[in-house]
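Next up, model.tsv (TSV, C-alpha atoms):
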```
chain	number	residue	atom	x	y	z
A	4	MET	CA	1.39	17.11	-3.77
A	5	SER	CA	2.78	20.61	-4.23
A	6	HIS	CA	1.57	21.52	-0.76
A	7	ILE	CA	3.26	18.52	0.78
A	8	TRP	CA	6.52	19.37	-0.95
A	9	LEU	CA	6.32	22.94	0.29
A	10	PHE	CA	5.50	21.71	3.79
A	11	PHE	CA	8.57	19.44	3.77
A	12	LEU	CA	10.81	22.35	2.74
A	13	LEU	CA	9.39	24.76	5.32
A	14	ALA	CA	9.46	22.14	8.06
A	15	SER	CA	13.11	21.37	7.40
A	16	LEU	CA	14.02	25.08	7.44
A	17	VAL	CA	12.11	25.70	10.68
A	18	SER	CA	13.39	22.66	12.54
A	19	GLY	CA	16.88	23.26	11.11
A	20	GLY	CA	16.71	26.70	12.70
A	21	LEU	CA	15.46	25.28	15.98
A	22	SER	CA	18.18	22.64	16.25
A	23	GLY	CA	20.96	24.71	14.70
A	24	GLN	CA	21.51	22.33	11.79
A	25	LEU	CA	20.79	24.81	8.96
A	26	SER	CA	24.31	24.52	7.52
A	27	HIS	CA	23.79	20.83	6.67
A	28	LEU	CA	20.69	21.36	4.55
A	29	SER	CA	22.23	22.01	1.14
A	30	VAL	CA	24.50	18.96	1.30
A	31	ALA	CA	21.52	16.91	2.49
A	32	ALA	CA	19.41	18.03	-0.49
A	33	MET	CA	22.00	16.85	-3.02
A	34	GLN	CA	22.56	13.60	-1.15
A	35	GLY	CA	18.83	12.96	-1.01
A	36	ALA	CA	18.46	13.26	-4.77
A	37	GLN	CA	21.32	10.79	-5.19
A	38	GLU	CA	19.66	8.41	-2.72
A	39	GLY	CA	16.50	8.58	-4.82
A	40	VAL	CA	18.38	7.14	-7.78
A	41	GLN	CA	20.02	4.45	-5.63
A	42	LEU	CA	16.71	3.44	-4.09
A	43	SER	CA	15.12	3.16	-7.54
A	44	LEU	CA	17.91	0.89	-8.72
A	45	ALA	CA	17.62	-1.20	-5.56
A	46	LEU	CA	13.93	-1.75	-6.23
A	47	ALA	CA	14.26	-2.40	-9.97
A	48	GLY	CA	15.07	-6.11	-9.94
A	49	ALA	CA	12.33	-7.25	-7.57
A	50	LEU	CA	9.72	-5.04	-9.19
A	51	CYS	CA	10.43	-6.50	-12.64
A	52	LEU	CA	10.52	-10.07	-11.31
A	53	TRP	CA	7.12	-9.76	-9.64
A	54	SER	CA	5.44	-8.09	-12.56
A	55	ALA	CA	6.82	-10.93	-14.68
A	56	VAL	CA	5.34	-13.57	-12.35
A	57	SER	CA	1.97	-11.87	-12.18
A	58	ARG	CA	1.90	-11.59	-15.97
A	59	VAL	CA	2.26	-15.38	-16.18
A	60	MET	CA	-0.53	-15.81	-13.63
A	61	GLU	CA	-2.79	-13.58	-15.66
A	62	LYS	CA	-2.03	-15.24	-19.01
A	63	SER	CA	-2.39	-18.78	-17.71
A	64	GLY	CA	-5.78	-18.09	-16.14
A	65	LEU	CA	-4.52	-18.52	-12.59
A	66	SER	CA	-5.76	-15.06	-11.59
A	67	GLU	CA	-9.21	-15.86	-12.94
A	68	LYS	CA	-9.29	-19.12	-10.95
A	69	LEU	CA	-8.44	-17.17	-7.84
A	70	SER	CA	-11.21	-14.65	-8.44
A	71	GLN	CA	-13.76	-17.47	-8.90
A	72	LEU	CA	-12.66	-18.87	-5.56
A	73	LEU	CA	-13.22	-15.51	-3.91
A	74	SER	CA	-16.60	-14.71	-5.36
A	75	PRO	CA	-18.72	-16.35	-2.59
A	76	PHE	CA	-16.91	-14.22	-0.02
A	77	LEU	CA	-17.31	-11.03	-2.04
A	78	SER	CA	-21.03	-11.55	-2.64
A	79	ARG	CA	-21.55	-11.38	1.13
A	80	ILE	CA	-19.99	-7.93	1.38
A	81	PHE	CA	-21.35	-6.63	-1.92
A	82	PRO	CA	-24.74	-8.31	-2.40
A	83	GLU	CA	-26.20	-5.63	-4.70
A	84	THR	CA	-23.09	-5.34	-6.86
A	85	CYS	CA	-22.88	-9.11	-7.32
A	86	ARG	CA	-26.40	-9.23	-8.75
A	87	ASP	CA	-25.06	-7.49	-11.86
A	88	GLY	CA	-22.72	-9.62	-13.97
A	89	ALA	CA	-20.46	-6.85	-15.24
A	90	ALA	CA	-20.08	-5.16	-11.85
A	91	ARG	CA	-19.32	-8.52	-10.27
A	92	SER	CA	-16.52	-9.37	-12.66
A	93	PHE	CA	-14.96	-5.91	-12.21
A	94	LEU	CA	-15.19	-6.40	-8.45
A	95	CYS	CA	-13.53	-9.84	-8.52
A	96	ALA	CA	-10.78	-8.61	-10.84
A	97	ASN	CA	-10.15	-5.61	-8.58
A	98	PHE	CA	-9.93	-7.79	-5.47
A	99	THR	CA	-7.64	-10.36	-7.11
A	100	ALA	CA	-5.31	-7.70	-8.50
A	101	ASN	CA	-5.07	-6.18	-5.03
A	102	LEU	CA	-4.25	-9.57	-3.50
A	103	LEU	CA	-1.47	-10.06	-6.03
A	104	GLY	CA	-0.11	-6.58	-5.49
A	105	LEU	CA	-0.93	-5.31	-8.98
A	106	GLY	CA	-1.94	-1.78	-8.00
A	107	SER	CA	-1.85	-0.55	-11.58
A	108	ALA	CA	-4.34	-3.23	-12.67
A	109	ALA	CA	-6.50	-3.01	-9.56
A	110	THR	CA	-7.31	0.70	-9.84
A	111	PRO	CA	-8.83	0.70	-13.37
A	112	MET	CA	-10.92	-2.38	-12.45
A	113	GLY	CA	-12.11	-0.75	-9.24
A	114	VAL	CA	-12.98	2.50	-10.98
A	115	SER	CA	-14.93	0.60	-13.66
A	116	CYS	CA	-16.77	-1.19	-10.87
A	117	VAL	CA	-17.74	2.10	-9.19
A	118	ARG	CA	-18.93	3.49	-12.54
A	119	ARG	CA	-21.06	0.42	-13.13
A	120	MET	CA	-22.52	0.69	-9.60
A	121	GLN	CA	-23.28	4.34	-10.34
A	122	GLU	CA	-25.64	3.35	-13.14
A	123	PHE	CA	-27.97	1.81	-10.56
A	124	SER	CA	-27.88	4.63	-8.02
A	125	ARG	CA	-30.43	7.44	-8.02
A	126	ASP	CA	-28.15	10.29	-6.97
A	127	LYS	CA	-25.09	10.10	-9.27
A	128	THR	CA	-22.95	12.45	-7.17
A	129	ARG	CA	-23.51	10.58	-3.91
A	130	ALA	CA	-21.51	7.49	-2.92
A	131	SER	CA	-23.68	4.44	-2.28
A	132	ASN	CA	-23.09	2.10	0.67
A	133	GLU	CA	-21.33	-0.49	-1.45
A	134	MET	CA	-19.17	2.12	-3.19
A	135	CYS	CA	-17.92	3.24	0.23
A	136	ARG	CA	-17.19	-0.37	1.17
A	137	LEU	CA	-15.30	-0.96	-2.08
A	138	ILE	CA	-13.17	2.17	-1.69
A	139	VAL	CA	-12.43	1.47	1.97
A	140	MET	CA	-11.34	-2.03	0.97
A	141	ASN	CA	-9.03	-0.54	-1.65
A	142	THR	CA	-7.47	1.95	0.78
A	143	ALA	CA	-6.62	-0.87	3.18
A	144	SER	CA	-3.94	-3.07	1.68
A	145	ILE	CA	-4.87	-6.71	1.15
A	146	GLN	CA	-1.67	-7.70	-0.64
A	147	LEU	CA	-0.52	-11.31	-0.12
A	148	LEU	CA	3.11	-10.68	-1.06
A	149	PRO	CA	4.30	-7.14	-0.27
A	150	THR	CA	7.11	-7.43	-2.80
A	151	THR	CA	8.22	-3.78	-2.90
A	152	VAL	CA	8.76	-3.76	0.86
A	153	ALA	CA	10.57	-7.08	0.70
A	154	ALA	CA	12.81	-5.70	-2.05
A	155	LEU	CA	13.53	-2.65	0.08
A	156	ARG	CA	14.42	-4.85	3.05
A	157	SER	CA	16.77	-7.07	1.08
A	158	SER	CA	18.47	-4.06	-0.54
A	159	LEU	CA	19.12	-2.66	2.94
A	160	GLY	CA	20.74	-5.85	4.18
A	161	SER	CA	17.93	-7.84	5.77
A	162	SER	CA	18.76	-11.53	6.20
A	163	HIS	CA	15.19	-12.78	5.69
A	164	PRO	CA	13.25	-10.16	3.70
A	165	PHE	CA	10.02	-12.20	3.72
A	166	GLU	CA	9.93	-13.01	7.44
A	167	ILE	CA	7.55	-10.06	7.93
A	168	LEU	CA	4.77	-11.90	6.04
A	169	PRO	CA	2.75	-13.32	8.99
A	170	ALA	CA	2.80	-9.90	10.71
A	171	VAL	CA	1.75	-8.17	7.47
A	172	TRP	CA	-1.13	-10.61	6.91
A	173	VAL	CA	-2.52	-10.28	10.43
A	174	SER	CA	-2.24	-6.47	10.36
A	175	SER	CA	-3.85	-6.27	6.90
A	176	VAL	CA	-6.77	-8.49	7.85
A	177	CYS	CA	-7.40	-6.47	11.02
A	178	SER	CA	-7.27	-3.14	9.21
A	179	VAL	CA	-9.61	-4.28	6.40
A	180	ALA	CA	-12.00	-5.75	8.97
A	181	VAL	CA	-12.09	-2.56	11.04
A	182	GLY	CA	-12.52	-0.41	7.91
A	183	LEU	CA	-15.43	-2.49	6.60
A	184	LEU	CA	-17.01	-2.68	10.06
A	185	ALA	CA	-16.79	1.11	10.38
A	186	ALA	CA	-18.34	1.44	6.91
A	187	PHE	CA	-21.23	-0.86	7.85
A	188	VAL	CA	-21.88	0.97	11.14
A	189	LEU	CA	-21.68	4.46	9.62
A	190	GLU	CA	-24.00	3.61	6.71
A	191	GLU	CA	-26.97	3.83	9.05
A	192	ARG	CA	-26.13	7.34	10.15
A	193	THR	CA	-25.18	9.17	6.95
B	17	MET	CA	8.75	-21.72	6.01
B	18	THR	CA	8.65	-18.21	4.56
B	19	GLU	CA	12.12	-18.75	3.03
B	20	LEU	CA	10.73	-21.41	0.68
B	21	LEU	CA	7.73	-19.35	-0.36
B	22	VAL	CA	9.38	-17.48	-3.22
B	23	PRO	CA	11.05	-20.40	-5.02
B	24	LEU	CA	7.92	-22.56	-4.62
B	25	LEU	CA	5.69	-19.79	-5.93
B	26	LEU	CA	7.97	-19.29	-8.94
B	27	LEU	CA	7.92	-23.03	-9.64
B	28	PHE	CA	4.15	-23.37	-9.22
B	29	VAL	CA	3.26	-20.41	-11.42
B	30	SER	CA	5.67	-21.48	-14.17
B	31	LEU	CA	4.48	-25.11	-14.14
B	32	TYR	CA	0.84	-24.03	-14.22
B	33	GLY	CA	1.56	-21.70	-17.14
B	34	LEU	CA	3.40	-24.42	-19.08
B	35	LEU	CA	0.59	-26.96	-18.51
B	36	ARG	CA	-1.87	-24.38	-19.81
B	37	GLY	CA	0.19	-24.14	-23.01
B	38	GLN	CA	1.56	-20.66	-22.40
B	39	ASP	CA	4.96	-19.46	-23.56
B	40	VAL	CA	6.04	-18.83	-19.98
B	41	TYR	CA	9.38	-17.27	-20.83
B	42	ALA	CA	7.86	-14.75	-23.23
B	43	CYS	CA	5.24	-13.84	-20.60
B	44	LEU	CA	7.99	-13.33	-18.03
B	45	LEU	CA	9.88	-11.01	-20.36
B	46	GLN	CA	6.76	-9.03	-21.14
B	47	GLY	CA	5.93	-8.71	-17.45
B	48	ALA	CA	9.46	-7.63	-16.58
B	49	ARG	CA	9.20	-4.93	-19.26
B	50	GLU	CA	5.97	-3.71	-17.64
B	51	GLY	CA	7.80	-3.71	-14.31
B	52	LEU	CA	10.44	-1.42	-15.80
B	53	SER	CA	7.82	1.05	-16.99
B	54	THR	CA	6.20	1.01	-13.54
B	55	LEU	CA	9.61	1.72	-12.07
B	56	LEU	CA	10.19	4.59	-14.49
B	57	SER	CA	6.92	6.13	-13.42
B	58	ILE	CA	7.95	6.22	-9.75
B	59	VAL	CA	11.64	7.20	-10.16
B	60	PRO	CA	11.05	10.97	-10.56
B	61	SER	CA	8.90	11.17	-7.44
B	62	LEU	CA	11.40	9.11	-5.43
B	63	ILE	CA	14.24	11.46	-6.40
B	64	ILE	CA	12.30	14.63	-5.60
B	65	LEU	CA	10.79	13.30	-2.37
B	66	LEU	CA	14.04	11.86	-1.06
B	67	THR	CA	15.61	15.28	-1.57
B	68	ALA	CA	13.02	16.75	0.79
B	69	ILE	CA	13.23	13.86	3.23
B	70	SER	CA	17.00	14.02	3.36
B	71	MET	CA	16.69	17.72	4.22
B	72	LEU	CA	14.09	16.93	6.88
B	73	ARG	CA	16.40	14.37	8.44
B	74	ALA	CA	19.40	16.70	8.40
B	75	SER	CA	17.34	19.47	9.97
B	76	GLY	CA	16.44	17.30	12.95
B	77	PHE	CA	12.72	17.37	12.08
B	78	PHE	CA	12.23	13.65	12.71
B	79	ASP	CA	13.86	13.83	16.15
B	80	LEU	CA	11.77	16.87	17.07
B	81	SER	CA	8.47	15.38	15.92
B	82	ALA	CA	9.27	12.06	17.58
B	83	ARG	CA	9.98	13.84	20.85
B	84	PHE	CA	6.79	15.87	20.51
B	85	LEU	CA	4.60	12.83	19.84
B	86	SER	CA	6.34	10.35	22.12
B	87	PRO	CA	3.91	10.52	25.11
B	88	LEU	CA	1.02	9.52	22.82
B	89	PHE	CA	3.02	6.74	21.18
B	90	HIS	CA	4.28	5.38	24.47
B	91	ALA	CA	0.72	5.20	25.74
B	92	LEU	CA	-0.20	3.04	22.71
B	93	GLY	CA	2.94	0.92	22.92
B	94	MET	CA	4.28	2.19	19.60
B	95	PRO	CA	7.89	3.33	18.95
B	96	PRO	CA	7.86	7.17	18.52
B	97	GLU	CA	10.54	6.91	15.80
B	98	LEU	CA	7.80	5.66	13.47
B	99	ALA	CA	5.70	8.83	13.79
B	100	PRO	CA	6.94	10.39	10.50
B	101	LEU	CA	6.10	7.21	8.59
B	102	MET	CA	2.55	7.13	9.92
B	103	LEU	CA	2.07	10.80	9.08
B	104	VAL	CA	3.08	10.49	5.40
B	105	ARG	CA	1.74	6.98	4.69
B	106	PRO	CA	-1.90	7.93	3.89
B	107	VAL	CA	-0.80	10.90	1.76
B	108	SER	CA	2.02	9.72	-0.48
B	109	GLY	CA	3.22	6.22	-1.36
B	110	GLY	CA	6.57	7.47	-2.66
B	111	ALA	CA	7.24	9.54	0.46
B	112	ALA	CA	6.26	6.64	2.72
B	113	LEU	CA	8.65	4.33	0.87
B	114	ALA	CA	11.40	6.93	1.25
B	115	VAL	CA	10.75	7.46	4.97
B	116	GLY	CA	10.61	3.69	5.48
B	117	ALA	CA	13.95	3.25	3.69
B	118	GLU	CA	15.42	5.99	5.87
B	119	LEU	CA	14.23	4.25	9.07
B	120	MET	CA	15.57	0.88	7.94
B	121	LYS	CA	18.90	2.46	7.09
B	122	THR	CA	19.20	4.34	10.38
B	123	TYR	CA	18.09	1.55	12.72
B	124	GLY	CA	18.90	-1.49	10.56
B	125	ALA	CA	16.56	-3.52	8.32
B	126	ASP	CA	16.44	-6.34	10.88
B	127	SER	CA	15.94	-4.11	13.92
B	128	LEU	CA	12.56	-3.93	15.64
B	129	ILE	CA	11.93	-0.43	14.26
B	130	GLY	CA	13.03	-1.45	10.76
B	131	LYS	CA	10.75	-4.49	10.81
B	132	THR	CA	7.80	-2.54	12.17
B	133	ALA	CA	8.27	0.08	9.44
B	134	ALA	CA	8.26	-2.71	6.82
B	135	VAL	CA	5.09	-4.28	8.26
B	136	MET	CA	3.39	-0.86	8.29
B	137	LEU	CA	4.33	-0.26	4.66
B	138	GLY	CA	3.13	-3.73	3.69
B	139	SER	CA	-0.21	-3.61	5.48
B	140	THR	CA	-1.48	-0.12	4.56
B	141	GLU	CA	-2.14	1.87	1.39
B	142	THR	CA	-1.96	5.45	0.14
B	143	THR	CA	-5.45	6.20	1.43
B	144	PHE	CA	-5.99	9.78	0.22
B	145	TYR	CA	-4.57	9.07	-3.22
B	146	THR	CA	-6.86	6.05	-3.66
B	147	ILE	CA	-9.94	7.94	-2.47
B	148	SER	CA	-9.26	10.88	-4.77
B	149	VAL	CA	-8.70	8.62	-7.80
B	150	TYR	CA	-11.93	6.68	-7.22
B	151	PHE	CA	-14.19	9.64	-6.49
B	152	GLY	CA	-12.46	11.85	-9.06
B	153	ALA	CA	-12.92	9.30	-11.84
B	154	SER	CA	-16.59	8.73	-11.06
B	155	GLY	CA	-17.52	12.37	-10.38
B	156	ILE	CA	-18.89	11.66	-6.92
B	157	ARG	CA	-18.89	14.68	-4.60
B	158	ASP	CA	-20.68	13.36	-1.52
B	159	THR	CA	-18.16	10.86	-0.16
B	160	ARG	CA	-20.10	10.27	3.10
B	161	HIS	CA	-18.19	8.18	5.64
B	162	THR	CA	-15.48	6.83	3.30
B	163	VAL	CA	-12.58	8.98	4.53
B	164	PHE	CA	-13.32	8.34	8.20
B	165	ALA	CA	-13.65	4.56	7.78
B	166	ALA	CA	-10.49	4.42	5.63
B	167	LEU	CA	-8.43	6.37	8.17
B	168	LEU	CA	-9.73	4.19	10.97
B	169	ALA	CA	-8.52	1.17	8.97
B	170	ASP	CA	-5.09	2.81	8.58
B	171	CYS	CA	-4.79	3.48	12.33
B	172	THR	CA	-5.73	-0.14	13.01
B	173	GLY	CA	-3.06	-1.25	10.53
B	174	PHE	CA	-0.38	0.89	12.22
B	175	PHE	CA	-1.30	-0.31	15.68
B	176	MET	CA	-1.45	-3.97	14.62
B	177	ALA	CA	1.89	-3.61	12.80
B	178	CYS	CA	3.55	-2.63	16.09
B	179	LEU	CA	1.78	-5.39	17.97
B	180	THR	CA	2.39	-8.20	15.47
B	181	THR	CA	6.04	-7.26	14.95
B	182	ARG	CA	6.62	-7.44	18.68
B	183	LEU	CA	4.75	-10.75	18.96
B	184	PHE	CA	6.06	-12.57	15.85
B	185	LEU	CA	9.41	-11.00	15.03
B	186	SER	CA	11.33	-10.13	18.16
```
Would you mind writing the file out in structure tokens?
Amino acid sequence: MSHIWLFFLLASLVSGGLSGQLSHLSVAAMQGAQEGVQLSLALAGALCLWSAVSRVMEKSGLSEKLSQLLSPFLSRIFPETCRDGAARSFLCANFTANLLGLGSAATPMGVSCVRRMQEFSRDKTRASNEMCRLIVMNTASIQLLPTTVAALRSSLGSSHPFEILPAVWVSSVCSVAVGLLAAFVLEERT
Amino acid sequence: MTELLVPLLLLFVSLYGLLRGQDVYACLLQGAREGLSTLLSIVPSLIILLTAISMLRASGFFDLSARFLSPLFHALGMPPELAPLMLVRPVSGGAALAVGAELMKTYGADSLIGKTAAVMLGSTETTFYTISVYFGASGIRDTRHTVFAALLADCTGFFMACLTTRLFLS
């Protein structure tokens, strides 16, 4: 992260020099910090609302229902993992949390799943085929309701913040499909 | 259709919770409190990153990079204004959110560019962060084809975001 930050600073100095805008930089820095606070406040309401809703889904067993529904689909992509009970339940929980947009719950479940898969692999420092598939699936968003983005849109004056949903779903499905397909194809070669 | 989604979802989840004998209101409060702590964890990075991004914007960096990359983007049918978003998206979630907010503010949240930026943010993830968390936590050094496949998925997501926004939302 430190390198990115440094790159941002250098890039703004260089391109400021190129376009003759150097004198605006110090005002822009202060304004940017202020915008950070405003953006956080704009996101606060929606973020709290959706974590509240997902908490209810978790407590009432709705999330678990969803993960049972998904397990036939997951056992196709992760046949070896699904043979082990513990790995399978981590996998389902990870997938469901991703669908519901609970990144903070999805990551620990996914990491536990990888650790469990590791117990069955011979070389502990090498990623197995199914580990690669799992991580690729986690790097491609499969969120049903992109609530943070919707909150951002409504705070910036969008009239229908959720109208992007169909486009988001189609794009997500395509990107996950291409990622998994690439993983399957490349498994043979590496 | 999509306008009714939120109220119906709220109703369904609450009814289901009540029928299952949960104290729905207490759960909501607890969840909202967790939301606040999530928010607190991203506020510092938003402030710091928006400082840098505001400087980048004032320096003309986004215009320069858009001009530099525009032939490539035109060939793919993607708006060159979105180049900065695609560059930071796999690296930092906070920075991507900040760049996306900037685009929506400049061009309007309901403009084609604003909508495409939103679809991109909604259909991709912070790829490098996720990969480093997973492999870091499990001590795996040989990551094989993971990075390549994940980046290919991101590129697909970006391209499809442009395509679907044009097809469904304009």
Write out as a compact mmCIF listing (two decimals) with C-alpha atoms, in the coordinates of the input the residues lying within 8 Å of range 69-81 of chain B, counting only C-alpha atoms and excluding same-chain residues fewer than 2 positions away.
```txt
# COMPACT_ATOMS: atom_id res chain seq x y z
CA PHE A 11 8.57 19.44 3.77
CA LEU A 12 10.81 22.35 2.74
CA ALA A 14 9.46 22.14 8.06
CA SER A 15 13.11 21.37 7.40
CA LEU A 16 14.02 25.08 7.44
CA SER A 18 13.39 22.66 12.54
CA GLY A 19 16.88 23.26 11.11
CA GLY A 20 16.71 26.70 12.70
CA SER A 22 18.18 22.64 16.25
CA GLY A 23 20.96 24.71 14.70
CA GLN A 24 21.51 22.33 11.79
CA LEU A 25 20.79 24.81 8.96
CA HIS A 27 23.79 20.83 6.67
CA LEU A 28 20.69 21.36 4.55
CA SER A 29 22.23 22.01 1.14
CA ALA A 31 21.52 16.91 2.49
CA ALA A 32 19.41 18.03 -0.49
CA GLN A 34 22.56 13.60 -1.15
CA GLY A 35 18.83 12.96 -1.01
CA LEU B 65 10.79 13.30 -2.37
CA LEU B 66 14.04 11.86 -1.06
CA THR B 67 15.61 15.28 -1.57
CA ARG B 83 9.98 13.84 20.85
CA PHE B 84 6.79 15.87 20.51
CA LEU B 85 4.60 12.83 19.84
CA GLU B 97 10.54 6.91 15.80
CA ALA B 99 5.70 8.83 13.79
CA PRO B 100 6.94 10.39 10.50
CA ALA B 111 7.24 9.54 0.46
CA ALA B 114 11.40 6.93 1.25
CA VAL B 115 10.75 7.46 4.97
```
**Polymer residues at most 10 Å from range 90-101 of chain A, all atoms listed in the file, same-chain spacing of 5 or more positions, as a PyMOL selection string** = chain A and resi 57+61+66-74+77-78+81-85+106-120+137+140-141+143-147
Size and centre in Å, one decimal, axis-aligned box, all listed range 83-88 of chain A atoms plus 5 Å per side, as AutoDock Vina command-line options:
```
--center_x -24.6 --center_y -7.5 --center_z -9.3 --size_x 13.7 --size_y 14.3 --size_z 19.3
```
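Distance annotation: of A:Thr128, A:Phe76, A:Thr150, A:Glu122, the residue with the minimal separation from chain B is A:Thr128; atom set is only C-alpha atoms.
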**Request:** Return the single residue from A:Leu103, A:Val59, A:Ala180, A:Ala154 that is closest to Arg36 in chain B, with distances computed using all atoms listed in the file.
**Result:**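 Distance minimum relative to Arg36 in chain B lands on A:Val59.
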**Message:** To one decimal place in Å, what is the distance between CA of Arg58 in chain A and CA of Arg49 in chain B?
**Reply:** 10.4 Å
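The coordinates place CA of Arg192 in chain A at 12.7 Å from CA of Thr162 in chain B.
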**Prompt:** From the list B:Arg160, B:Leu185, B:Leu25, B:Phe175, which residue is nearest Glu191 in chain A when using all atoms listed in the file?
**Reply:** B:Arg160
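Nearest to Pro60 in chain B of all the residues B:Gly110, B:Gly93, B:Thr146, B:His161 is B:Gly110, based on only C-alpha atoms.
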**Nearest candidate to chain B (options A:Ser5, A:Ser26, A:Thr142, A:Thr151; using all atoms listed in the file)** =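 Nearest candidate to chain B out of A:Ser5, A:Ser26, A:Thr142, A:Thr151: A:Thr142.
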**Request:** Grab the CA of Ser186 in chain B to CA of Ala49 in chain A distance for me, in Å with one decimal place.
**Result:**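 It comes out at 25.9 Å.
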**Message:** Given all atoms listed in the file as the basis, pick out the residue of B:Cys171, B:Ile63, B:Ser53, B:Leu101 nearest to chain A.
**Reply:**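 That would be B:Ile63, the residue with the smallest distance to chain A.
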Residue neighbourhood Leu62 in chain B, 12 Å, all atoms listed in the file, exclusion window fewer than 5 positions, as an mmCIF file with C-alpha atoms, in the coordinates of the input:
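result.cif, freshly written:
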```cif
data_model
loop_
_atom_site.group_PDB
_atom_site.id
_atom_site.type_symbol
_atom_site.label_atom_id
_atom_site.label_comp_id
_atom_site.auth_asym_id
_atom_site.auth_seq_id
_atom_site.Cartn_x
_atom_site.Cartn_y
_atom_site.Cartn_z
ATOM 1 C CA GLY A 35 18.830 12.960 -1.010
ATOM 2 C CA ALA A 36 18.460 13.260 -4.770
ATOM 3 C CA GLN A 37 21.320 10.790 -5.190
ATOM 4 C CA GLU A 38 19.660 8.410 -2.720
ATOM 5 C CA GLY A 39 16.500 8.580 -4.820
ATOM 6 C CA VAL A 40 18.380 7.140 -7.780
ATOM 7 C CA GLN A 41 20.020 4.450 -5.630
ATOM 8 C CA LEU A 42 16.710 3.440 -4.090
ATOM 9 C CA SER A 43 15.120 3.160 -7.540
ATOM 10 C CA LEU A 44 17.910 0.890 -8.720
ATOM 11 C CA LEU A 46 13.930 -1.750 -6.230
ATOM 12 C CA LEU B 55 9.610 1.720 -12.070
ATOM 13 C CA LEU B 56 10.190 4.590 -14.490
ATOM 14 C CA SER B 57 6.920 6.130 -13.420
ATOM 15 C CA THR B 67 15.610 15.280 -1.570
ATOM 16 C CA ALA B 68 13.020 16.750 0.790
ATOM 17 C CA ILE B 69 13.230 13.860 3.230
ATOM 18 C CA SER B 70 17.000 14.020 3.360
ATOM 19 C CA SER B 108 2.020 9.720 -0.480
ATOM 20 C CA GLY B 109 3.220 6.220 -1.360
ATOM 21 C CA GLY B 110 6.570 7.470 -2.660
ATOM 22 C CA ALA B 111 7.240 9.540 0.460
ATOM 23 C CA ALA B 112 6.260 6.640 2.720
ATOM 24 C CA LEU B 113 8.650 4.330 0.870
ATOM 25 C CA ALA B 114 11.400 6.930 1.250
ATOM 26 C CA VAL B 115 10.750 7.460 4.970
ATOM 27 C CA ALA B 117 13.950 3.250 3.690
#
```
**All residues 12 Å or closer to Ile129 in chain B, all atoms listed in the file, same chain fewer than 6 positions away omitted, as an MDAnalysis selection string** = chainID B and resid 94:99 101 116:123 135:136 177:179 181:182 185:186
